[in-house]
Each structure stands twice: as C-alpha cells, then as structure tokens.
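> The structure's right below; bear with me while I get my questions together.
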Amino acid sequence: MYVKNIKNRKKAQNMILAIDDVSLPFKKNTVLCISKPVVRSEPVLKPSPLGSGAPDDLAAHFYGTVLHDEGKFRMWYYAVHRGKNPDLPPYMMQQIVKSPAHLKGRERKNFQGPLCYAESDDGIVWKKPSLEQVLFKGSRANNALALPHTVVSGATVIKDMDEPDPARRYKMVYQFYPACCDPVIEEYGTVSTVALAVSPDGLKWNVIGIPFPNQFVEHASFIKHHDYYIIHHHNMEGLSGYSEGGSPSGRKGVARKTADFFHWPDLAAESFALVEPEDRSLRGINGLYDQVHLGVGAASFGNVCVGLYGLWHNGDFLNGFDQISGDLGLLVSNDGIHFREPVKGYRFITRENSPVTPAPGYNFNTILCQANGILNVGDETLIYHGRWRNTGHKREELQTKYYGEVALATIPRDRWGAMILNPDSKEGMVCSAPVELPPAGCELYLNADVVSGLTVKLLDKNFRSINGFSNGRVNSGDGLDCRVEWSGHELSELGGKTVRVQITLDRVNDTSPCLYAMYVI
C-alpha cells in the first residue's frame, strides 16, 4: 500500500460523491458505475498462534476500529481464545456464560473477549504491544485492555477533537454480555447490550455508563456526524424487531442518536433494511432470506457518510448455522441515520474476493463483517473489514477450527463510484443540489479521469446561469484534486451565495470521462 501525505490540504466544506444521489440528483445520459476495490489476499492482522497463551490465540475479530492518529495507525478489536483464563477476578469469572444453548451438556473451551489493541506504521504490518493491563494465563505481557466485562465485542472508537476534557478525548462503545455481578449497575436484564467508555489516550479506559439496559444492541459502528453521536446496530425478531403492520422481521439496521455522549434517549430509527418475503409467516430472525447483519458500518466525511452493511445469507440458526455466509454491500447517507444503496443489491466486497484463510481439509463459509473500518489516508480510502470462518457451532471437534482475521481493501481516495456517459451517448450532464459557498471564499476541485472532457457551469438555486461561470475547465491532468478555473473569474466572487454545480461530460477519443467526486474547499 502506498500512502502519500497531502500537506496543508484544507478540509472540504462540501463533498459531493458520485454515489450520493441526494447531493447529485439530476442527470442526463449518464450512469453510475460502482468501483471495484482491491482486496489484499493476506490478512493484515491474524490471531496469535493457537496454544500460545495469548488472548487472541483463536480469533482476532474486526468488530472494531482503525484510526489514523497522529501519523500512526491504531486498531481496536476483540479476541477469542482457547481455554479459560484462570486469572480472572471472581466477579469477571462469574460473567462467563458456562452453558449456552448450543453447547449445553458440553464443556465450553472457546471464550470470547477481551478487547485488544494493535498499532502500525503503514496500516499493513501490525504489532500487538504489551500493555501490561490484564493478567492472562499467568502473564501481563499481552495487548488486552482492562475493562469490567469479560465477554465482550464491538470495540468501536472515535477520537473526539471537540471534547474539552482531555480525559474523555477518546470515546468507545463496546458490546458485553451481562452477568448478575456487574460492577457498574445492578439491574440491566439478561440480553447483550453496549457500554460507554472514555479515555485520554485510547488505552486506559473508564466505563461511564450503560445506555440501553435490558435491550439487545449488537452494533457495527459508532460515529460522530453533524455534532451528534450515532450508534448503528441491528435488531431482530423478539427484540422489538418488527416490520410494517406489526409482523416479526429479521435482522435490519437501526440507529441511536444523541447530542450528549453520556445521555442517550431511549429511541431508535430504522437506518437500512432489505426487502422481506411477502409471506409474513416466513419472516423473523431465522427466515431463510438475505438480511442485514450488524447494521451499518459507517464513516463520516463531514457532510456525507459512507457505510457498509453485512449482507447475511441466512441459514437455520440452530441446525444449519454453518450454511450461513456473508458479503458486504455499499451504502451512503446525508444525515448519518438513513442509509441507501447507490446500486441496489450490489455486493461491494464479496466473500469470493475476500475469503477467510482456509482450514486445510475443510470448506467453511466466509462471513465478512463491517465496523469502524473506513478511513481516508493520503491518496487512498482504506476499508478494513473482518473475515470470519464459519465453522458452525454444533460439532465439538470443529471448535479449534474457529477463526477470525482482519482484512484490508482499498480504492483511490473517495472513488466509490463514477458518473460516466451511457454507452450510446456522446454527451451527458449531471447537476448538484444547492450548495452554499463559504463567505470567505473557496475553490472547486474535481476527483475525475479524462478531465479534458468535462465542462463546469455554475447555476443559481433556480437553475439559472451565473454570468462569468459558464465554461469552467480543469487545466491540469486527471487526478484526485483537479482545480476548476474560469477565465477572468474566481469562485471567491460568489462567497456566501448558493449555487448548483452542473458538469457536462463529452467523450474524448471514444472514452467517457469519469466523475467520482467534487469538493468545495
């Protein structure tokens, strides 16, 4: 992976992506073409060797986060290990579920948790530092994070630069499985939910609350968008998972939102769902149709969010769990709550292109998992995701084959998809929704190829031409930041005004221009 640092690049006031049909709603003779990410075949983070005594000697699951923080890549993930940790304090030992339904009558040997931490200089080669926080099988030389819960997952972290208290600069939402001896609160029910934690450095965490006690919350992401904190998770039948008309539904994405990280209203919004069978008797968590796993793994880019959802190809949960597989679909949103597919049903990252490391002699299904894994670094968009080897949970002899790893896919920065000409068209147009230009002045940049075939015209909000801004061109070559210029005029002349950006696409030597994004900077 090549990362180029762009020095002193200003933050875009408005980013309009080709995949965003709200910000770019009007089109003529053009079509959206979704990009194909490049997936590294080798995982970037593997479990530690089986039997090594490490907390993650069975699986390193990316129900987690990657941040590029002060020049360093930082990852939070959750571990699965073989064999119980005998050094747990009594209140944490009691939290372990001894006889879950699918292992009833058998000794449990695989254990979920703790949350773990890794870091990297390049985002590819990762180290698991010795944090000395958790006594694990006789040693503190491990990368586990000290938390009051034992059975945990979903380490979703943000660095909140607007937080005035340095001790709360890093914020985390993680999932835990409850137990009667929980030290934070006494009454919270019997279903898994999430806890809130804060940290000055992302390493030493302080749990400050449990916002939804006795409510099932298995989440995909935690973001901050438009000054609001948002948790994305999925909901299911029997846990307030119902469709229109009150019939049970399968997995679907929902969102929780608050302006105050420490106080969350007990309300949820549907963020994304797939079409369910017309026959209501076939609905529900175990309905054998595609569902939304974990909800939306979202990332905020200022005025727009991009996300992935788990395309869960369902199977019989109790008797055929190993039949289940999963891909990742692409989503976009403007409010950070309601997401939509740019191309319905499109598999953005497939299990065929990003298969989990196989177990010799076996043919297990791959389930891909999304979380806080999308980020822009230099000239690339990095898409970290999890690969889960689905061994099922019925056959005890397959427990040691259980496995999870962290994978990486990349695209050139913000090139999720491109507006191109229809195959039989020589000319076409796209036109944006109204954009309010910053009063202090700005510039317009395009992320595009074949820029010699692009002409930029500015309109007022009522689609009327603005004098002097009818023939904007890119005078440099193709690229991620192509500055648009108008002869005799500067965009700063329109500071504070509201405009629409209309772009004409003309074929150049039978080749269509590709418009991926535009930026008001």
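Ordering of the structure tokens sets the chain letters (A, B, ...); residue numbers start at 1 within each chain; ligands are numbered from 1 in the order shown.
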Please give the complete set of residues from stretch 12-246 of chain A that DSSP, run on the backbone, assigns to helix (DSSP H, G or I), formatted as a list of chain:residue names.

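Filtering stretch 12-246 of chain A to helix (DSSP H, G or I) leaves A:Pro90, A:Tyr91, A:Met92, A:Met93, A:Ala101, A:His102, A:Leu103, A:Pro166, A:Ala167, A:Arg168, A:Glu244, A:Gly245, A:Gly246.
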
> Write the residues of the selection above to a file with C-alpha atoms, as a tab-separated table (two decimals), in the first residue's frame.


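That gives us selection20.tsv:
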chain	number	residue	atom	x	y	z
A	90	PRO	CA	-14.09	-13.56	40.79
A	91	TYR	CA	-16.64	-11.01	39.56
A	92	MET	CA	-15.33	-11.39	35.98
A	93	MET	CA	-15.11	-15.17	36.18
A	101	ALA	CA	-27.86	-23.25	24.32
A	102	HIS	CA	-25.69	-24.60	21.52
A	103	LEU	CA	-23.12	-26.11	23.94
A	166	PRO	CA	-8.68	15.59	27.61
A	167	ALA	CA	-9.56	12.63	29.84
A	168	ARG	CA	-12.58	11.99	27.59
A	244	GLU	CA	-44.69	-2.61	8.88
A	245	GLY	CA	-48.02	-3.92	10.13
A	246	GLY	CA	-46.51	-5.42	13.27

> Quick one: DSSP strand (DSSP E or B) residues in stretch 365-410 of chain A, as a PDB file with C-alpha atoms, in the first residue's frame?


ATOM      1  CA  ASN A 365     -18.116 -20.486   4.553  1.00  0.00           C
ATOM      2  CA  THR A 366     -16.765 -16.947   4.915  1.00  0.00           C
ATOM      3  CA  ILE A 367     -18.744 -14.241   6.704  1.00  0.00           C
ATOM      4  CA  LEU A 368     -17.481 -10.703   6.103  1.00  0.00           C
ATOM      5  CA  CYS A 369     -18.054  -8.182   8.884  1.00  0.00           C
ATOM      6  CA  ASN A 372     -15.418   1.417  12.190  1.00  0.00           C
ATOM      7  CA  ILE A 374     -13.388   3.156   6.639  1.00  0.00           C
ATOM      8  CA  LEU A 375     -10.861   5.997   6.585  1.00  0.00           C
ATOM      9  CA  ASN A 376      -9.039   8.269   4.157  1.00  0.00           C
ATOM     10  CA  VAL A 377      -5.259   8.418   4.445  1.00  0.00           C
ATOM     11  CA  GLU A 380      -6.277   6.173  -0.570  1.00  0.00           C
ATOM     12  CA  THR A 381      -9.520   5.131   1.032  1.00  0.00           C
ATOM     13  CA  LEU A 382      -8.832   2.186   3.341  1.00  0.00           C
ATOM     14  CA  ILE A 383     -11.586  -0.318   4.055  1.00  0.00           C
ATOM     15  CA  TYR A 384     -10.740  -2.605   6.964  1.00  0.00           C
ATOM     16  CA  HIS A 385     -13.158  -5.490   7.494  1.00  0.00           C
ATOM     17  CA  GLY A 386     -13.389  -8.802   9.277  1.00  0.00           C
ATOM     18  CA  ARG A 387     -13.254 -12.292   7.802  1.00  0.00           C
ATOM     19  CA  TRP A 388     -14.930 -14.915   9.929  1.00  0.00           C
ATOM     20  CA  ARG A 389     -14.509 -18.632   9.253  1.00  0.00           C
ATOM     21  CA  ASN A 390     -17.945 -20.067   9.911  1.00  0.00           C
ATOM     22  CA  TYR A 403     -11.096 -18.412  13.292  1.00  0.00           C
ATOM     23  CA  GLY A 404     -11.322 -14.681  12.561  1.00  0.00           C
ATOM     24  CA  GLU A 405      -8.915 -12.214  10.953  1.00  0.00           C
ATOM     25  CA  VAL A 406      -8.719  -8.585   9.825  1.00  0.00           C
ATOM     26  CA  ALA A 407      -8.597  -7.811   6.102  1.00  0.00           C
ATOM     27  CA  LEU A 408      -7.991  -4.679   4.032  1.00  0.00           C
ATOM     28  CA  ALA A 409      -9.464  -3.416   0.779  1.00  0.00           C
ATOM     29  CA  THR A 410      -8.509  -0.137  -0.895  1.00  0.00           C
TER      30      THR A 410
END

> Please list as a list in words every residue within 9 Å of A:Asp290, counting only C-alpha atoms and excluding residues in the same chain fewer than 3 positions away.

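These residues fall inside the cut-off: Gly250, Arg251, Leu274, Val275, Glu276, Gly287, Leu311, Trp312, His313 and Asn314 of chain A.
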
> Which neighbours of stretch 467-470 of chain A fall inside 8 Å, counting only C-alpha atoms, when residues of the same chain fewer than 2 positions from it are skipped, and could you give them as a list in words?

Val456, Lys457, Leu458, Ser465, Gly472, Trp486, Ser487, Gly488 and His489 of chain A

> Store the residues picked out above in a file with C-alpha atoms, as an mmCIF file, in the first residue's frame.


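After the write, out.cif holds the following:
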data_model
loop_
_atom_site.group_PDB
_atom_site.id
_atom_site.type_symbol
_atom_site.label_atom_id
_atom_site.label_comp_id
_atom_site.auth_asym_id
_atom_site.auth_seq_id
_atom_site.Cartn_x
_atom_site.Cartn_y
_atom_site.Cartn_z
ATOM 1 C CA VAL A 456 -18.275 23.056 -15.348
ATOM 2 C CA LYS A 457 -21.098 25.570 -15.195
ATOM 3 C CA LEU A 458 -22.466 27.263 -12.096
ATOM 4 C CA SER A 465 -26.796 30.549 -15.343
ATOM 5 C CA GLY A 472 -15.102 26.161 -16.148
ATOM 6 C CA TRP A 486 -12.998 30.119 -15.029
ATOM 7 C CA SER A 487 -11.365 32.598 -17.374
ATOM 8 C CA GLY A 488 -11.321 36.043 -15.763
ATOM 9 C CA HIS A 489 -13.210 34.991 -12.643
#

> Do a neighbour search on A:Ser192 at 7 Å with only C-alpha atoms, toss out local chain neighbours closer than 2 positions, and write the hits as a ChimeraX atom specification.

/A:175-178,190,216-217

> Since we have the selection now, will you write its residues out, keeping C-alpha atoms, as a compact mmCIF listing (two decimals), in the first residue's frame?


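Saved result, out-v3.txt, follows:
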# COMPACT_ATOMS: atom_id res chain seq x y z
CA GLN A 175 -20.82 -4.78 23.48
CA PHE A 176 -20.85 -7.02 26.53
CA TYR A 177 -22.82 -10.00 27.77
CA PRO A 178 -24.39 -9.32 31.17
CA THR A 190 -30.26 -10.75 30.57
CA PHE A 216 -30.29 -6.11 22.74
CA VAL A 217 -27.67 -3.99 20.99

> Considering only C-alpha atoms, return as a list of chain:residue names whatever protein or nucleic-acid residues lie within 8 Å of A:Ser23, sequence-local ones (same chain, fewer than 5 positions apart) excluded.

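Non-adjacent residues within range: A:Ile16, A:Leu17, A:Ser432, A:Ala433.
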
> Any chance you could export the current selection's C-alpha atoms as a PDB file, in the first residue's frame?


ATOM      1  CA  ILE A  16     -20.344  15.563  -3.378  1.00  0.00           C
ATOM      2  CA  LEU A  17     -19.800  11.905  -4.221  1.00  0.00           C
ATOM      3  CA  SER A 432     -25.925  19.075  -7.976  1.00  0.00           C
ATOM      4  CA  ALA A 433     -28.364  20.050  -5.261  1.00  0.00           C
TER       5      ALA A 433
END

> Could you tell me which of A:Asp414, A:Asp449, A:Glu427, A:Asp327 comes closest to A:Ser476 if we count only C-alpha atoms?

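That would be A:Asp449, the residue with the smallest distance to A:Ser476.
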
> Within 9 Å of A:Ser452, counting only C-alpha atoms, which residues show up once you throw out same-chain ones fewer than 6 positions away? Write them as a PyMOL selection string, please.

chain A and resi 473-478+506+508+513

> Which one of A:Thr504, A:Thr357, A:Gln112, A:Asn29 sits closest to A:Leu45 if you count only C-alpha atoms?

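When distances to A:Leu45 are compared using only C-alpha atoms, the smallest one comes from A:Thr357.
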